Every structure is written in C-alpha cells, then in structure tokens.
Amino acid sequence: MRVRVHFYSYFKDLAGLAEVTETVAPGSRLEALLERLFLRFPRLAAMRKSALVAVGVDYQSGDYILAEGDEVSLFPPVQGG
Amino acid sequence: MRRELTLSEQRIDEQALWRSRAMSAGMGAAVCFVGVVRGTEEGRAISGLEYEAFVPMALRQFHLLFDQAEGRWPLESVRLVHRVGNVGAGEASLWIEVVAPHREEAFAACQFIVTEMKRVVPIWKKAVLIDN
C-alpha cells in the first residue's frame with residue numbers, strides 16, 4: 001500500500017526533499033510510518049516532539065490507520081499571522 | 001454566519017475591505033485586527049517575511065475555527081485575509097474583521113481566531129534578512 005508523504009517549511013530542508021512515497025502494510029498505523037521516516041531522515045528525528053502530522057487536511061494522532069492513497073503531511077509548529 | 005476567507009499573494013487592500021463592510025440592523029460591533037510585518041526579527045533588520053502555506057489544509061483549519069467561533073458567540077460575519085509569499089516589512093500580513101451584536105463577543109471571537117490560528121493553521125514564515 002502506497003502512501004505519499006509531504007514535508008513543509010524547514011522540514012523540507014531537514015528531509016532534503018518535499019515529498020516521498022512510502023510503501024506500508026495494510027492496517028499500518030501512522031506512528032509506524034513516522035518511525036520509519038525518522039529512521040530514514042535522522043535530522044527530522046530531532047524534531048519529533050514538536051512535529052505536527054496531518055492526513056489529508058486534518059490533524060491525526062499516531063493511532064490513525066493508514067489507507068491506500070492517504071496523503072500524509074509532516075511539518076513544524078505553525079507560525080501564521 | 002457569513003464568512004469570507006482569502007489566502008493571497010496580493011497586498012491586502014484595507015480601505016476596500018472597510019468599504020465593503022456589511023452589518024445588519026442588530027449588529028453593534030465590528031472588531032478588526034491587522035497583523036503587520038515588523039522590520040526586525042530577533043534584533044536583526046529584515047526586509048520582510050516569506051510566508052508558506054499548505055493551502056487546502058489552511059483553508060480547512062480556518063473554517064473549523066470559524067465553526068468553533070460561531071458556536072461560542074452570536075457572530076454575523078467573519079472576514080479574514082492572510083498573505084502568502086513575500087510580505088514586506090510594514091505591510092499587513094493578516095486582516096480579520098468580526099461583526100457581532102456587542103463588543104464583548106466581537107473582541108473575544110477575534111482574539112480566539114487569531115490565537116488559535118497560530119496553533120493549528122499550517123502557515124509558516126521565514127525572515128528575509130536585509131544583508132542577504
């Protein structure tokens with residue numbers, strides 16, 4: 001099952017790219033995908049406590065069950081205004 | 001509640017926004033807040049800020065905040081404009097207007113939306129240093 005992951009703000013610099021596609025097993029939780037991403041992109045791992053995570057246009061917690069075609073976004077604390 | 005929400009690379013035309021304000025007979029308060037880009041960031045002179053947004057999610061999260069505000073206060077309208085892209089020092093980056101029957105709810109709702117926006121709406125900014 002393929003899931004596309006987008007990085008925003010300085011997370012793009014930490015990851016070295018703006019998006020990546022990961023293959024995960026059906027029924028995988030979001031937290032498992034994040035752990036894999038933190039292993040793959042060690043500079044992102046330092047931000048894991050403050051990182052915000054969304055699927056589509058809504059925030060999701062680690063126990064969210066990923067579905068085929070999900071678009072996951074990972075980004076630092078927001079700073080609008 | 002009437003809503004107008006805009007994310008734009010264009011300058012915010014405050015005069016036009018004021019001229020287009022609409023209030024029904026029962027409304028007695030229009031609170032407007034304008035966020036302006038400072039000319040310094042952490043003590044260093046900057047020429048402006050570069051705003052980046054995850055636009056579809058930003059729009060969604062703004063509307064969720066409007067839903068919450070509408071549930072808490074008897075608002076007639078919320079209009080909000082947020083800049084994206086390059087915003088020069090001294091320019092408005094955020095304009096919001098809340099119309100309600102009385103000032104208490106208009107101030108409270110405006111404060112709520114701006115405060116929560118800075119917590120949940122995926123917009124980021126990066127200073128553009130003058131000596132860059």
# chains A, B, ... in the order shown; residues from 1 in each chain; ligands from 1
$ select_by_dssp --residues "chain A" --states "alpha helix (DSSP H)" --output "ChimeraX atom specification"
/A:10-15,30-40,42-45
$ write_last_selection --atoms "C-alpha atoms" --output "short mmCIF file (atom, residue, chain, number, x, y, z; two decimals), in the first residue's frame"
data_model
loop_
_atom_site.label_atom_id
_atom_site.label_comp_id
_atom_site.auth_asym_id
_atom_site.auth_seq_id
_atom_site.Cartn_x
_atom_site.Cartn_y
_atom_site.Cartn_z
CA TYR A 10 12.06 23.76 7.20
CA PHE A 11 11.14 20.09 7.41
CA LYS A 12 11.76 20.08 3.65
CA ASP A 13 15.35 21.16 4.34
CA LEU A 14 15.78 18.61 7.12
CA ALA A 15 14.49 15.81 4.91
CA LEU A 30 0.52 6.42 11.30
CA GLU A 31 3.03 6.16 14.16
CA ALA A 32 4.76 3.25 12.42
CA LEU A 33 5.17 5.32 9.27
CA LEU A 34 6.58 8.20 11.33
CA GLU A 35 9.13 5.93 12.99
CA ARG A 36 10.27 4.76 9.58
CA LEU A 37 10.57 8.36 8.37
CA PHE A 38 12.58 9.37 11.44
CA LEU A 39 14.99 6.49 10.75
CA ARG A 40 15.28 7.43 7.11
CA PRO A 42 17.66 11.45 11.08
CA ARG A 43 17.64 15.26 11.02
CA LEU A 44 13.85 15.11 11.24
CA ALA A 45 14.00 12.81 14.22
#
$ interface_residues --of "chain B" --to "chain A" --cutoff "10 Å" --atoms "only C-alpha atoms" --output "PyMOL selection string"
chain B and resi 34-37+51-61+82-84+92-95+114-126
$ atom_distance --atom1 "atom CA of Leu5 of chain B" --atom2 "atom CA of Ala127 of chain B"
24.7 Å
$ select_by_dssp --residues "chain A" --states "strand (DSSP E or B)" --output "ChimeraX atom specification"
/A:2-7,19-23,29,52-55,58-59,65,71-75
$ atom_distance --atom1 "atom CA of Ala106 of chain B" --atom2 "atom CA of Phe33 of chain B"
11.0 Å
$ closest_residue --among "A:Thr23, A:Asp63, A:Glu68, A:Leu74" --to "Ser50 of chain A" --atoms "only C-alpha atoms"
A:Leu74
$ closest_residue --among "B:Glu41, B:Glu14, B:Glu50, B:Asp131" --to "Gly88 of chain B" --atoms "only C-alpha atoms"
B:Glu50
$ atom_distance --atom1 "atom CA of Phe112 of chain B" --atom2 "atom CA of Glu71 of chain A"
29.3 Å
$ residues_around --residues "Ser28 of chain A" --least-positions-apart "6" --cutoff "10 Å" --atoms "only C-alpha atoms" --output "ChimeraX atom specification"
/A:1,63-67
$ write_last_selection --atoms "N, CA and C atoms" --output "CSV table (one decimal), in the first residue's frame"
chain,number,residue,atom,x,y,z
A,1,MET,N,0.9,-1.2,0.0
A,1,MET,CA,0.0,0.0,0.0
A,1,MET,C,0.9,1.2,0.0
A,63,ASP,N,-2.3,6.8,16.3
A,63,ASP,CA,-3.0,5.5,16.2
A,63,ASP,C,-3.9,5.5,14.9
A,64,TYR,N,-3.9,6.5,14.1
A,64,TYR,CA,-4.7,6.5,12.9
A,64,TYR,C,-4.2,5.4,12.0
A,65,ILE,N,-5.2,4.7,11.4
A,65,ILE,CA,-4.9,3.5,10.5
A,65,ILE,C,-4.8,4.1,9.1
A,66,LEU,N,-3.6,3.9,8.5
A,66,LEU,CA,-3.4,4.4,7.1
A,66,LEU,C,-4.2,3.6,6.1
A,67,ALA,N,-4.6,4.3,5.1
A,67,ALA,CA,-5.4,3.7,4.0
A,67,ALA,C,-4.7,4.0,2.6
$ decode --residues "segment 33-131 of chain B" --atoms "C-alpha atoms" --output "PDB file, in the first residue's frame"
ATOM      1  CA  PHE B  33      -7.284  43.323  13.717  1.00  0.00           C
ATOM      2  CA  VAL B  34      -4.394  43.885  11.355  1.00  0.00           C
ATOM      3  CA  GLY B  35      -1.139  41.981  11.752  1.00  0.00           C
ATOM      4  CA  VAL B  36       1.805  43.908  10.302  1.00  0.00           C
ATOM      5  CA  VAL B  37       5.267  42.573   9.478  1.00  0.00           C
ATOM      6  CA  ARG B  38       7.870  44.085  11.787  1.00  0.00           C
ATOM      7  CA  GLY B  39      11.122  45.452  10.416  1.00  0.00           C
ATOM      8  CA  THR B  40      13.201  43.421  12.834  1.00  0.00           C
ATOM      9  CA  GLU B  41      13.409  39.767  13.756  1.00  0.00           C
ATOM     10  CA  GLU B  42      15.352  38.775  16.865  1.00  0.00           C
ATOM     11  CA  GLY B  43      17.138  42.122  16.808  1.00  0.00           C
ATOM     12  CA  ARG B  44      18.178  41.970  13.163  1.00  0.00           C
ATOM     13  CA  ALA B  45      16.795  44.182  10.433  1.00  0.00           C
ATOM     14  CA  ILE B  46      14.677  42.326   7.896  1.00  0.00           C
ATOM     15  CA  SER B  47      13.158  43.357   4.596  1.00  0.00           C
ATOM     16  CA  GLY B  48      10.125  41.185   5.180  1.00  0.00           C
ATOM     17  CA  LEU B  49       8.806  37.695   5.730  1.00  0.00           C
ATOM     18  CA  GLU B  50       8.321  34.827   3.311  1.00  0.00           C
ATOM     19  CA  TYR B  51       5.064  33.061   4.140  1.00  0.00           C
ATOM     20  CA  GLU B  52       4.473  29.455   3.121  1.00  0.00           C
ATOM     21  CA  ALA B  53       1.103  27.758   3.472  1.00  0.00           C
ATOM     22  CA  PHE B  54      -0.287  24.282   2.998  1.00  0.00           C
ATOM     23  CA  VAL B  55      -3.268  25.953   1.375  1.00  0.00           C
ATOM     24  CA  PRO B  56      -6.001  23.267   1.317  1.00  0.00           C
ATOM     25  CA  MET B  57      -5.367  22.400   4.951  1.00  0.00           C
ATOM     26  CA  ALA B  58      -5.063  26.055   5.966  1.00  0.00           C
ATOM     27  CA  LEU B  59      -8.482  26.766   4.453  1.00  0.00           C
ATOM     28  CA  ARG B  60      -9.950  23.727   6.199  1.00  0.00           C
ATOM     29  CA  GLN B  61      -8.468  24.665   9.568  1.00  0.00           C
ATOM     30  CA  PHE B  62      -9.611  28.272   9.289  1.00  0.00           C
ATOM     31  CA  HIS B  63     -13.153  27.080   8.605  1.00  0.00           C
ATOM     32  CA  LEU B  64     -13.007  24.738  11.606  1.00  0.00           C
ATOM     33  CA  LEU B  65     -12.016  27.752  13.741  1.00  0.00           C
ATOM     34  CA  PHE B  66     -14.876  29.750  12.268  1.00  0.00           C
ATOM     35  CA  ASP B  67     -17.209  26.853  13.152  1.00  0.00           C
ATOM     36  CA  GLN B  68     -15.975  26.952  16.741  1.00  0.00           C
ATOM     37  CA  ALA B  69     -16.303  30.731  16.960  1.00  0.00           C
ATOM     38  CA  GLU B  70     -19.806  30.568  15.521  1.00  0.00           C
ATOM     39  CA  GLY B  71     -20.734  28.004  18.160  1.00  0.00           C
ATOM     40  CA  ARG B  72     -19.461  30.170  21.009  1.00  0.00           C
ATOM     41  CA  TRP B  73     -20.559  33.675  20.048  1.00  0.00           C
ATOM     42  CA  PRO B  74     -23.533  35.144  18.117  1.00  0.00           C
ATOM     43  CA  LEU B  75     -21.474  36.354  15.162  1.00  0.00           C
ATOM     44  CA  GLU B  76     -22.935  37.771  11.989  1.00  0.00           C
ATOM     45  CA  SER B  77     -19.760  37.590   9.916  1.00  0.00           C
ATOM     46  CA  VAL B  78     -16.059  36.856   9.875  1.00  0.00           C
ATOM     47  CA  ARG B  79     -13.814  38.100   7.103  1.00  0.00           C
ATOM     48  CA  LEU B  80     -10.171  37.074   7.076  1.00  0.00           C
ATOM     49  CA  VAL B  81      -7.326  37.664   4.648  1.00  0.00           C
ATOM     50  CA  HIS B  82      -3.867  36.133   5.127  1.00  0.00           C
ATOM     51  CA  ARG B  83      -0.933  36.819   2.874  1.00  0.00           C
ATOM     52  CA  VAL B  84       1.306  34.111   1.443  1.00  0.00           C
ATOM     53  CA  GLY B  85       4.591  34.582  -0.370  1.00  0.00           C
ATOM     54  CA  ASN B  86       6.780  37.642   0.216  1.00  0.00           C
ATOM     55  CA  VAL B  87       5.394  40.284   2.543  1.00  0.00           C
ATOM     56  CA  GLY B  88       7.496  43.389   3.046  1.00  0.00           C
ATOM     57  CA  ALA B  89       8.202  44.968   6.419  1.00  0.00           C
ATOM     58  CA  GLY B  90       5.418  47.366   7.280  1.00  0.00           C
ATOM     59  CA  GLU B  91       2.875  45.527   5.137  1.00  0.00           C
ATOM     60  CA  ALA B  92      -0.184  43.793   6.531  1.00  0.00           C
ATOM     61  CA  SER B  93       0.129  40.020   6.636  1.00  0.00           C
ATOM     62  CA  LEU B  94      -3.222  39.367   8.321  1.00  0.00           C
ATOM     63  CA  TRP B  95      -6.531  41.212   8.293  1.00  0.00           C
ATOM     64  CA  ILE B  96      -9.548  39.973  10.199  1.00  0.00           C
ATOM     65  CA  GLU B  97     -12.918  41.518  10.934  1.00  0.00           C
ATOM     66  CA  VAL B  98     -15.573  40.090  13.216  1.00  0.00           C
ATOM     67  CA  VAL B  99     -19.103  41.503  13.321  1.00  0.00           C
ATOM     68  CA  ALA B 100     -21.342  40.778  16.303  1.00  0.00           C
ATOM     69  CA  PRO B 101     -24.171  42.421  18.257  1.00  0.00           C
ATOM     70  CA  HIS B 102     -21.870  43.650  21.050  1.00  0.00           C
ATOM     71  CA  ARG B 103     -18.176  44.416  21.522  1.00  0.00           C
ATOM     72  CA  GLU B 104     -17.523  41.684  24.088  1.00  0.00           C
ATOM     73  CA  GLU B 105     -18.275  38.838  21.714  1.00  0.00           C
ATOM     74  CA  ALA B 106     -16.656  40.587  18.759  1.00  0.00           C
ATOM     75  CA  PHE B 107     -13.384  41.128  20.659  1.00  0.00           C
ATOM     76  CA  ALA B 108     -13.461  37.634  22.153  1.00  0.00           C
ATOM     77  CA  ALA B 109     -14.115  35.904  18.841  1.00  0.00           C
ATOM     78  CA  CYS B 110     -11.430  37.914  17.052  1.00  0.00           C
ATOM     79  CA  GLN B 111      -8.896  37.105  19.757  1.00  0.00           C
ATOM     80  CA  PHE B 112      -9.911  33.440  19.696  1.00  0.00           C
ATOM     81  CA  ILE B 113      -9.494  33.076  15.943  1.00  0.00           C
ATOM     82  CA  VAL B 114      -6.106  34.813  15.832  1.00  0.00           C
ATOM     83  CA  THR B 115      -4.777  32.894  18.837  1.00  0.00           C
ATOM     84  CA  GLU B 116      -5.953  29.514  17.579  1.00  0.00           C
ATOM     85  CA  MET B 117      -4.783  30.266  14.050  1.00  0.00           C
ATOM     86  CA  LYS B 118      -1.254  30.437  15.411  1.00  0.00           C
ATOM     87  CA  ARG B 119      -1.724  26.947  16.837  1.00  0.00           C
ATOM     88  CA  VAL B 120      -3.439  24.992  14.078  1.00  0.00           C
ATOM     89  CA  VAL B 121      -3.428  26.726  10.688  1.00  0.00           C
ATOM     90  CA  PRO B 122      -0.473  25.427   8.626  1.00  0.00           C
ATOM     91  CA  ILE B 123       1.237  28.659   7.668  1.00  0.00           C
ATOM     92  CA  TRP B 124       4.926  29.329   8.303  1.00  0.00           C
ATOM     93  CA  LYS B 125       7.148  32.325   7.898  1.00  0.00           C
ATOM     94  CA  LYS B 126      10.821  32.886   7.292  1.00  0.00           C
ATOM     95  CA  ALA B 127      12.603  36.177   7.797  1.00  0.00           C
ATOM     96  CA  VAL B 128      14.298  37.766   4.807  1.00  0.00           C
ATOM     97  CA  LEU B 129      17.390  39.494   6.207  1.00  0.00           C
ATOM     98  CA  ILE B 130      18.377  42.819   4.686  1.00  0.00           C
ATOM     99  CA  ASP B 131      22.045  41.795   4.494  1.00  0.00           C
TER     100      ASP B 131
END
